[in-house]
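Shown next: query.txt, given as compact mmCIF, C-alpha atoms.
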```txt
# COMPACT_ATOMS: atom_id res chain seq x y z
CA MET A 167 -3.82 13.40 5.64
CA PRO A 168 -5.36 10.91 3.20
CA GLU A 169 -8.76 9.47 3.99
CA HIS A 170 -9.73 5.86 3.91
CA GLY A 171 -12.85 6.25 1.81
CA THR A 172 -11.07 5.72 -1.47
CA ALA A 173 -9.48 2.39 -0.55
CA SER A 174 -9.85 0.19 -3.55
CA LEU A 175 -11.57 -3.14 -3.30
CA VAL A 176 -8.34 -4.93 -4.15
CA ASP A 177 -6.47 -3.27 -1.27
CA LEU A 178 -9.32 -4.16 1.04
CA LEU A 179 -9.56 -7.79 -0.08
CA ASP A 180 -5.81 -8.18 0.14
CA ARG A 181 -5.93 -7.16 3.79
CA VAL A 182 -9.20 -8.69 4.94
CA VAL A 183 -8.90 -12.00 3.10
CA HIS A 184 -5.13 -12.59 3.16
CA ARG A 185 -3.88 -10.89 6.31
CA GLY A 186 -4.89 -10.92 9.92
CA ALA A 187 -4.51 -13.50 12.61
CA VAL A 188 -5.37 -17.10 11.79
CA VAL A 189 -7.17 -19.45 14.14
CA ARG A 190 -6.73 -23.17 13.62
CA GLY A 191 -7.77 -26.25 15.49
CA ASP A 192 -10.90 -27.87 16.88
CA VAL A 193 -12.64 -24.58 17.65
CA VAL A 194 -13.01 -23.46 14.04
CA ILE A 195 -15.37 -24.55 11.30
CA ALA A 196 -13.54 -24.89 7.99
CA LEU A 197 -15.26 -23.13 5.10
CA ALA A 198 -14.19 -24.68 1.82
CA GLY A 199 -15.50 -21.74 -0.19
CA VAL A 200 -13.28 -19.29 1.65
CA GLU A 201 -10.15 -21.31 0.87
CA LEU A 202 -11.06 -21.18 -2.82
CA ILE A 203 -11.38 -17.41 -2.67
CA ARG A 204 -7.89 -17.13 -1.21
CA LEU A 205 -6.53 -18.99 -4.19
CA ASP A 206 -8.55 -16.93 -6.68
CA LEU A 207 -7.49 -13.71 -5.06
CA ARG A 208 -3.83 -14.64 -4.96
CA LEU A 209 -3.89 -15.33 -8.70
CA LEU A 210 -5.73 -12.09 -9.31
CA LEU A 211 -3.27 -10.04 -7.28
CA ILE A 212 -0.33 -11.53 -9.14
CA GLY A 213 -1.87 -10.68 -12.48
CA ILE A 214 -3.36 -7.31 -11.73
CA GLY A 215 -0.27 -5.07 -11.62
CA GLY A 216 -0.64 -3.19 -14.89
CA GLY A 217 -4.34 -3.71 -15.35
CA ARG A 218 -5.72 -0.83 -13.31
CA MET B 143 -24.11 -27.64 11.08
CA SER B 144 -25.63 -24.64 9.34
CA ARG B 145 -24.80 -21.81 11.70
CA GLY B 146 -21.64 -20.67 13.41
CA LEU B 147 -20.04 -17.77 15.23
CA TYR B 148 -18.20 -15.56 12.78
CA ALA B 149 -15.19 -14.04 14.56
CA TYR B 150 -14.00 -10.63 13.34
CA ALA B 151 -11.31 -9.69 15.77
CA ILE B 152 -9.84 -10.02 19.21
CA THR B 153 -9.70 -6.96 21.43
CA ARG B 154 -9.72 -5.97 25.10
CA ASP B 155 -12.99 -6.64 26.88
CA GLN B 156 -14.93 -3.39 27.04
CA PRO B 157 -18.41 -2.07 26.38
CA VAL B 158 -18.77 -1.39 22.63
CA ASP B 159 -21.98 -0.87 20.71
CA LEU B 160 -21.54 -2.57 17.35
CA ALA B 161 -25.14 -2.72 16.14
CA GLY B 162 -25.14 -6.46 15.61
CA PRO B 163 -21.89 -8.17 16.49
CA TRP B 164 -21.16 -8.61 20.17
CA LEU B 165 -18.22 -9.38 22.44
CA ILE B 166 -17.50 -12.65 24.18
CA GLY B 167 -15.27 -11.63 27.06
CA HIS B 168 -12.83 -13.70 29.05
CA ARG B 169 -10.27 -12.41 31.58
CA GLY B 170 -9.97 -8.95 30.05
CA LEU B 171 -9.89 -10.11 26.42
CA ALA B 172 -12.80 -10.39 24.05
CA LEU B 173 -13.66 -11.96 20.75
CA VAL B 174 -15.91 -9.89 18.46
CA VAL B 175 -18.46 -12.26 16.98
CA ALA B 176 -21.80 -12.53 15.22
CA GLU B 177 -23.96 -15.54 14.48
CA VAL B 178 -23.92 -16.38 10.76
CA GLU B 179 -25.44 -18.80 8.29
CA LEU B 180 -22.56 -20.83 6.91
CA ALA B 181 -24.31 -20.92 3.54
CA ARG B 182 -23.42 -17.24 3.10
CA PHE B 183 -19.80 -18.28 2.65
CA ALA B 184 -20.38 -20.78 -0.12
CA GLY B 185 -20.00 -19.86 -3.78
CA LEU B 186 -18.06 -16.65 -3.23
CA GLU B 187 -15.62 -17.45 -6.02
CA PHE B 188 -15.23 -14.76 -8.62
CA GLU B 189 -13.64 -13.89 -11.92
CA GLU B 190 -13.01 -10.23 -11.09
CA PRO B 191 -14.18 -8.87 -7.77
CA SER B 192 -16.73 -6.11 -8.21
CA GLU B 193 -18.14 -3.78 -5.55
CA ASP B 194 -21.52 -5.53 -5.52
CA SER B 195 -20.19 -9.11 -5.47
CA PRO B 196 -21.14 -11.10 -2.35
CA LEU B 197 -17.45 -11.35 -1.44
CA ALA B 198 -16.99 -7.57 -1.60
CA VAL B 199 -20.07 -6.98 0.54
CA LEU B 200 -18.95 -9.47 3.19
CA ALA B 201 -15.37 -8.18 3.18
CA ARG B 202 -16.49 -4.54 3.52
CA TYR B 203 -18.71 -5.52 6.42
CA HIS B 204 -15.87 -7.44 8.06
CA ASP B 205 -13.67 -4.36 7.70
CA ALA B 206 -16.41 -2.08 9.08
CA VAL B 207 -16.79 -4.21 12.21
CA VAL B 208 -13.02 -4.38 12.77
CA ARG B 209 -12.82 -0.60 12.33
CA SER B 210 -15.62 0.14 14.81
CA VAL B 211 -13.70 -1.76 17.44
CA PHE B 212 -10.38 -0.27 16.33
CA ARG B 213 -11.72 3.25 16.98
CA HIS B 214 -11.94 2.47 20.71
CA ALA B 215 -9.33 -0.13 21.48
CA PRO B 216 -6.38 -2.09 20.13
CA VAL B 217 -7.53 -4.80 17.81
CA LEU B 218 -6.18 -8.01 16.38
CA PRO B 219 -8.08 -8.52 13.11
CA LEU B 220 -8.86 -12.13 12.32
CA ARG B 221 -8.62 -13.39 8.79
CA PHE B 222 -11.82 -13.33 6.73
CA GLY B 223 -13.88 -16.48 7.14
CA THR B 224 -12.94 -17.39 10.71
CA VAL B 225 -15.97 -19.20 12.11
CA LEU B 226 -16.11 -20.85 15.53
CA ASP B 227 -18.54 -23.57 16.48
CA SER B 228 -19.75 -22.16 19.81
CA VAL B 229 -19.39 -19.56 22.56
CA ASP B 230 -17.57 -22.26 24.48
CA ALA B 231 -15.01 -22.53 21.65
CA ALA B 232 -14.48 -18.77 21.79
CA VAL B 233 -13.82 -18.87 25.52
CA ARG B 234 -11.45 -21.82 25.10
CA LEU B 235 -9.51 -19.89 22.45
CA LEU B 236 -9.20 -16.76 24.61
CA SER B 237 -8.25 -18.84 27.62
CA ALA B 238 -5.62 -20.96 25.85
CA ARG B 239 -4.01 -17.98 24.08
CA HIS B 240 -4.45 -15.31 26.75
CA GLU B 241 -0.81 -14.34 27.14
CA GLU B 242 0.00 -14.42 23.43
CA VAL B 243 -3.07 -12.37 22.48
CA SER B 244 -2.36 -9.80 25.21
CA ALA B 245 1.19 -9.38 23.91
CA TRP B 246 -0.05 -8.89 20.33
CA LEU B 247 -2.61 -6.30 21.44
CA SER B 248 0.08 -4.32 23.23
CA ARG B 249 2.26 -4.52 20.17
CA VAL B 250 -0.32 -2.80 17.94
CA GLU B 251 -1.86 -0.49 20.54
CA GLY B 252 -1.95 3.18 19.55
CA ARG B 253 -0.75 2.37 16.03
CA GLN B 254 -2.34 2.43 12.60
CA GLU B 255 -1.36 0.85 9.32
CA TRP B 256 -0.67 2.90 6.17
CA GLY B 257 -0.27 1.43 2.72
CA VAL B 258 2.11 2.98 0.18
CA LYS B 259 2.38 1.93 -3.45
CA VAL B 260 4.81 3.33 -5.97
CA ARG B 261 4.17 2.66 -9.64
CA ALA B 262 6.63 2.94 -12.47
CA ALA B 263 5.98 5.95 -14.71
CA GLN B 264 3.91 5.23 -17.80
CA ARG B 265 6.15 5.45 -20.84
CA GLU B 266 5.26 6.88 -24.19
CA PRO B 267 5.49 4.04 -26.70
CA ALA B 268 8.47 4.66 -28.98
CA HIS B 269 7.89 5.01 -32.71
CA LEU B 270 10.67 2.72 -33.72
CA ASP B 271 10.10 3.16 -37.44
CA ASP B 272 11.22 6.75 -37.16
CA VAL B 273 14.48 6.25 -35.31
CA SER B 274 17.92 5.24 -36.50
CA GLY B 275 19.79 2.31 -34.97
CA THR B 276 21.95 4.61 -32.87
CA ALA B 277 18.99 6.63 -31.66
CA TYR B 278 17.20 3.39 -30.75
CA LEU B 279 20.14 2.23 -28.65
CA THR B 280 20.34 5.60 -26.92
CA LEU B 281 16.63 5.47 -26.18
CA ARG B 282 16.89 1.95 -24.80
CA ARG B 283 19.86 2.86 -22.62
CA GLN B 284 18.04 5.93 -21.31
CA ARG B 285 15.04 3.81 -20.37
CA LEU B 286 17.19 1.33 -18.48
CA VAL B 287 18.82 4.20 -16.60
CA ASP B 288 15.41 5.72 -15.82
CA ALA B 289 14.04 2.40 -14.62
CA ASP B 290 17.04 1.90 -12.39
CA LEU B 291 16.70 5.41 -10.94
CA ALA B 292 13.01 4.84 -10.24
CA ARG B 293 13.76 1.57 -8.44
CA ARG B 294 16.41 3.28 -6.32
CA ALA B 295 14.04 6.16 -5.53
CA ALA B 296 11.37 3.69 -4.38
CA ALA B 297 13.96 1.95 -2.18
CA THR B 298 14.99 5.31 -0.70
CA LEU B 299 11.37 6.10 0.09
CA HIS B 300 10.84 2.70 1.73
CA GLN B 301 13.95 3.13 3.86
CA ALA B 302 12.83 6.57 5.06
CA LEU B 303 9.30 5.38 5.87
CA ARG B 304 10.59 2.26 7.61
CA ASP B 305 12.69 4.46 9.88
CA ARG B 306 9.58 6.38 10.93
CA ALA B 307 7.38 3.32 11.46
CA ASP B 308 7.37 0.75 14.23
CA GLU B 309 7.12 -2.10 11.75
CA SER B 310 6.95 -2.47 8.00
CA VAL B 311 6.30 -5.17 5.43
CA CYS B 312 6.74 -5.22 1.66
CA ARG B 313 4.50 -7.23 -0.60
CA ASP B 314 5.90 -9.13 -3.56
CA LEU B 315 6.01 -6.76 -6.48
CA THR B 316 3.83 -7.34 -9.49
CA ARG B 317 4.38 -5.87 -12.93
CA ASP B 318 4.55 -2.07 -12.76
CA LEU B 319 4.88 -1.75 -8.99
CA LEU B 320 8.18 -0.47 -7.60
CA LEU B 321 7.08 -0.61 -3.99
CA GLU B 322 4.09 -1.97 -2.14
CA GLY B 323 4.73 -1.39 1.51
CA ALA B 324 2.64 -1.38 4.66
CA TYR B 325 3.81 0.61 7.67
CA LEU B 326 2.62 0.39 11.25
CA VAL B 327 2.90 3.91 12.58
CA ASP B 328 2.56 5.12 16.14
CA ALA B 329 0.08 7.99 16.65
CA GLY B 330 2.96 10.13 17.91
CA HIS B 331 4.94 9.65 14.69
CA GLU B 332 2.14 9.94 12.17
CA GLU B 333 2.67 13.58 11.35
CA GLU B 334 6.36 13.03 10.77
CA PHE B 335 5.68 9.92 8.69
CA HIS B 336 3.33 11.79 6.36
CA ALA B 337 5.56 14.84 6.16
CA GLU B 338 8.47 12.65 5.08
CA LEU B 339 6.24 10.78 2.63
CA GLY B 340 5.11 14.05 1.05
CA ARG B 341 8.59 15.53 0.96
CA LEU B 342 10.27 12.50 -0.60
CA THR B 343 7.47 11.88 -3.08
CA ALA B 344 7.94 15.39 -4.44
CA GLU B 345 11.71 15.33 -4.29
CA LEU B 346 12.05 11.96 -6.00
CA GLY B 347 9.26 12.63 -8.48
CA LEU B 348 7.47 9.40 -7.66
CA SER B 349 3.90 8.42 -8.42
CA VAL B 350 2.61 7.29 -5.02
CA GLU B 351 -0.73 5.88 -3.85
CA ILE B 352 -1.42 6.07 -0.13
CA THR B 353 -4.15 4.08 1.62
CA GLY B 354 -5.15 4.18 5.24
CA PRO B 355 -5.40 4.45 8.06
CA TRP B 356 -6.08 0.73 8.37
CA PRO B 357 -6.45 -1.46 11.42
CA PRO B 358 -3.20 -3.45 11.70
CA TYR B 359 -4.19 -6.14 9.19
CA SER B 360 -0.68 -6.57 7.82
CA PHE B 361 0.96 -6.73 11.24
CA THR B 362 -0.90 -9.50 12.98
CA LYS B 363 0.73 -12.40 11.22
CA VAL B 364 0.11 -14.99 13.86
CA GLU B 365 -1.54 -18.39 14.06
CA PHE B 366 -3.46 -19.45 17.11
CA ALA B 367 -3.33 -23.16 16.49
CA ASP B 368 -4.93 -26.02 18.34
CA ALA B 369 -6.59 -23.79 20.91
```

I'd like the structure from this file rewritten - as structure tokens, please.
Amino acid sequence: MPEHGTASLVDLLDRVVHRGAVVRGDVVIALAGVELIRLDLRLLLIGIGGGR
Amino acid sequence: MSRGLYAYAITRDQPVDLAGPWLIGHRGLALVVAEVELARFAGLEFEEPSEDSPLAVLARYHDAVVRSVFRHAPVLPLRFGTVLDSVDAAVRLLSARHEEVSAWLSRVEGRQEWGVKVRAAQREPAHLDDVSGTAYLTLRRQRLVDADLARRAAATLHQALRDRADESVCRDLTRDLLLEGAYLVDAGHEEEFHAELGRLTAELGLSVEITGPWPPYSFTKVEFADA
């Protein structure tokens, strides 16, 4: 069975930054920087197909 | 405000030693948190993410914490950068969303996520100067047929894996990808899932990349709004 150790950074970022449950509302502190990363990463993932 | 409670995941309340992060429990559920400086999350933008970039380091740590919990109990990973303003806020969230969170934890319990990517075969560039018009057309037609076969093979693989998983999602395809799927597989079906993956990969002659096991990142698409 394959091991996790080789997971590429892109696969990891795709999951950690883009997926997972979202919490909204008064309880959370919005981090502007993190929203920018989501945009950056989305663009990167769209463009990266043949580049690796 | 310069500090906050970074929230990694929601799980069932239980004793876990996480060497840093701790659990805020409420009625059998718990939020996995750690106190953070908000400044650490500024300026993470990047051109190309590299292993030593601040974003990569933070994301790997986030993943490591989620995984440590995942080894012992069902886990609902929270999206990177979820920061709460207080312990009180964490308790309010768990209290307001108790039923919903419990249902999501049951849904992913005993299951792991596997990622499967299929890439189109690399083609030898054709030396068009050397071929006649007819040969060129034959070559082009052959390539279209090959591409179509590869797409069908990837679809066959996805169908077979989907049948052996509890849930599946496909990402939008970029350039040379024929399939980018994530599959949530029950522990009892894992052997069968991988056997089928191996068998079909060989039979269909596909170039497949497998990642995992992952905590169920791709299967917790839920928003806990206005807690």

For Leu202 (chain A), work out the shell of residues within 12 Å, counting only C-alpha atoms and skipping chain neighbours fewer than 6 positions away, then give it as a short mmCIF file (atom, residue, chain, number, x, y, z; two decimals) with C-alpha atoms, in the coordinates of the input.
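What follows is the written file part_22.cif:
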```
data_model
loop_
_atom_site.label_atom_id
_atom_site.label_comp_id
_atom_site.auth_asym_id
_atom_site.auth_seq_id
_atom_site.Cartn_x
_atom_site.Cartn_y
_atom_site.Cartn_z
CA VAL A 183 -8.90 -12.00 3.10
CA ALA A 196 -13.54 -24.89 7.99
CA ARG A 208 -3.83 -14.64 -4.96
CA LEU A 209 -3.89 -15.33 -8.70
CA PHE B 183 -19.80 -18.28 2.65
CA ALA B 184 -20.38 -20.78 -0.12
CA GLY B 185 -20.00 -19.86 -3.78
CA LEU B 186 -18.06 -16.65 -3.23
CA GLU B 187 -15.62 -17.45 -6.02
CA PHE B 188 -15.23 -14.76 -8.62
CA GLU B 189 -13.64 -13.89 -11.92
CA LEU B 197 -17.45 -11.35 -1.44
CA GLY B 223 -13.88 -16.48 7.14
#
```

What does the distance from CA of Arg239 (chain B) to CA of Arg209 (chain B) come to in Å, to one decimal? 22.8 Å

Which residue is closest to chain A? Choose from B:Gln284, B:Gln254, B:Ser274, B:Ser228 and count only C-alpha atoms. B:Ser228

Just need the residues of chain B within 7 Å of chain A, counting all atoms listed in the file, so spit them out as a PyMOL selection string. chain B and resi 183-187+193+201+205+218-227+231+316-319+353-355+359-360+362-369

As an exercise, work out the distance from CA of Ser144 (chain B) to CA of Val233 (chain B) in Å and give it to one decimal place. 20.8 Å

Excluding Ala263 (chain B) and its own-chain neighbours fewer than 5 positions away, which residues fall within 10 Å of it when counting only C-alpha atoms? Please give them as JSON, numbers by chain. {"B": [288, 289, 292, 318, 319, 320, 347, 348, 349]}

From the set B:His240, B:Arg145, B:Arg304, B:His168, which residue has the shortest atom-to-atom contact distance to Gly257 (chain B), counting only C-alpha atoms? B:Arg304

Can you work out the spacing between CA of Leu346 (chain B) and CA of Glu333 (chain B) in Å, to one decimal? 19.8 Å

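Among the candidates B:Glu322, B:Glu177, B:Thr153, B:Pro196, the residue lying nearest to Ser248 (chain B) is B:Thr153 (atoms considered: only C-alpha atoms).
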
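Here the question is which of B:Pro216, B:Ala262, B:Leu235, B:Tyr150 gets nearest to Leu291 (chain B) using all atoms listed in the file, and that residue is B:Ala262.
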
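Checking B:Arg261, B:Val208, B:Glu241, B:Val229 one by one against Gly170 (chain B), counting only C-alpha atoms, you find the shortest gap at B:Glu241.
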
May I have the centre and edge lengths, in Å to one decimal, of an axis-aligned box around the listed atoms of region 189-207 of chain A with 4 Å added to every side, as AutoDock Vina command-line options?
```
--center_x -11.0 --center_y -20.8 --center_z 5.5 --size_x 17.0 --size_y 22.2 --size_z 32.3
```

Using the atoms already present, construct N, CA and C atoms for region 241-258 of chain B and hand them back as a tab-separated table (two decimals), in the coordinates of the input.
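Generated file (result.tsv):
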```tsv
chain	number	residue	atom	x	y	z
B	241	GLU	N	-2.06	-15.08	27.04
B	241	GLU	CA	-0.81	-14.34	27.14
B	241	GLU	C	-0.36	-13.83	25.76
B	242	GLU	N	-0.43	-14.74	24.79
B	242	GLU	CA	0.00	-14.42	23.43
B	242	GLU	C	-0.85	-13.28	22.84
B	243	VAL	N	-2.17	-13.39	23.01
B	243	VAL	CA	-3.07	-12.37	22.48
B	243	VAL	C	-2.81	-11.02	23.17
B	244	SER	N	-2.62	-11.04	24.48
B	244	SER	CA	-2.36	-9.80	25.21
B	244	SER	C	-1.11	-9.12	24.68
B	245	ALA	N	-0.07	-9.93	24.42
B	245	ALA	CA	1.19	-9.38	23.91
B	245	ALA	C	0.98	-8.76	22.53
B	246	TRP	N	0.20	-9.43	21.68
B	246	TRP	CA	-0.05	-8.89	20.33
B	246	TRP	C	-0.85	-7.60	20.41
B	247	LEU	N	-1.81	-7.52	21.32
B	247	LEU	CA	-2.61	-6.30	21.44
B	247	LEU	C	-1.73	-5.13	21.89
B	248	SER	N	-0.82	-5.39	22.79
B	248	SER	CA	0.08	-4.32	23.23
B	248	SER	C	0.98	-3.86	22.09
B	249	ARG	N	1.35	-4.82	21.27
B	249	ARG	CA	2.26	-4.52	20.17
B	249	ARG	C	1.64	-3.56	19.15
B	250	VAL	N	0.33	-3.66	18.94
B	250	VAL	CA	-0.32	-2.80	17.94
B	250	VAL	C	-1.06	-1.63	18.56
B	251	GLU	N	-1.10	-1.55	19.87
B	251	GLU	CA	-1.86	-0.49	20.54
B	251	GLU	C	-1.36	0.90	20.17
B	252	GLY	N	-2.30	1.79	19.86
B	252	GLY	CA	-1.95	3.18	19.55
B	252	GLY	C	-1.29	3.35	18.19
B	253	ARG	N	-1.41	2.32	17.34
B	253	ARG	CA	-0.75	2.37	16.03
B	253	ARG	C	-1.74	2.08	14.92
B	254	GLN	N	-1.49	2.68	13.77
B	254	GLN	CA	-2.34	2.43	12.60
B	254	GLN	C	-1.46	2.01	11.43
B	255	GLU	N	-2.10	1.29	10.51
B	255	GLU	CA	-1.36	0.85	9.32
B	255	GLU	C	-1.62	1.80	8.15
B	256	TRP	N	-0.56	2.11	7.40
B	256	TRP	CA	-0.67	2.90	6.17
B	256	TRP	C	-0.08	2.10	5.03
B	257	GLY	N	-0.77	2.14	3.90
B	257	GLY	CA	-0.27	1.43	2.72
B	257	GLY	C	0.33	2.43	1.73
B	258	VAL	N	1.46	2.10	1.16
B	258	VAL	CA	2.11	2.98	0.18
B	258	VAL	C	2.51	2.16	-1.04
```
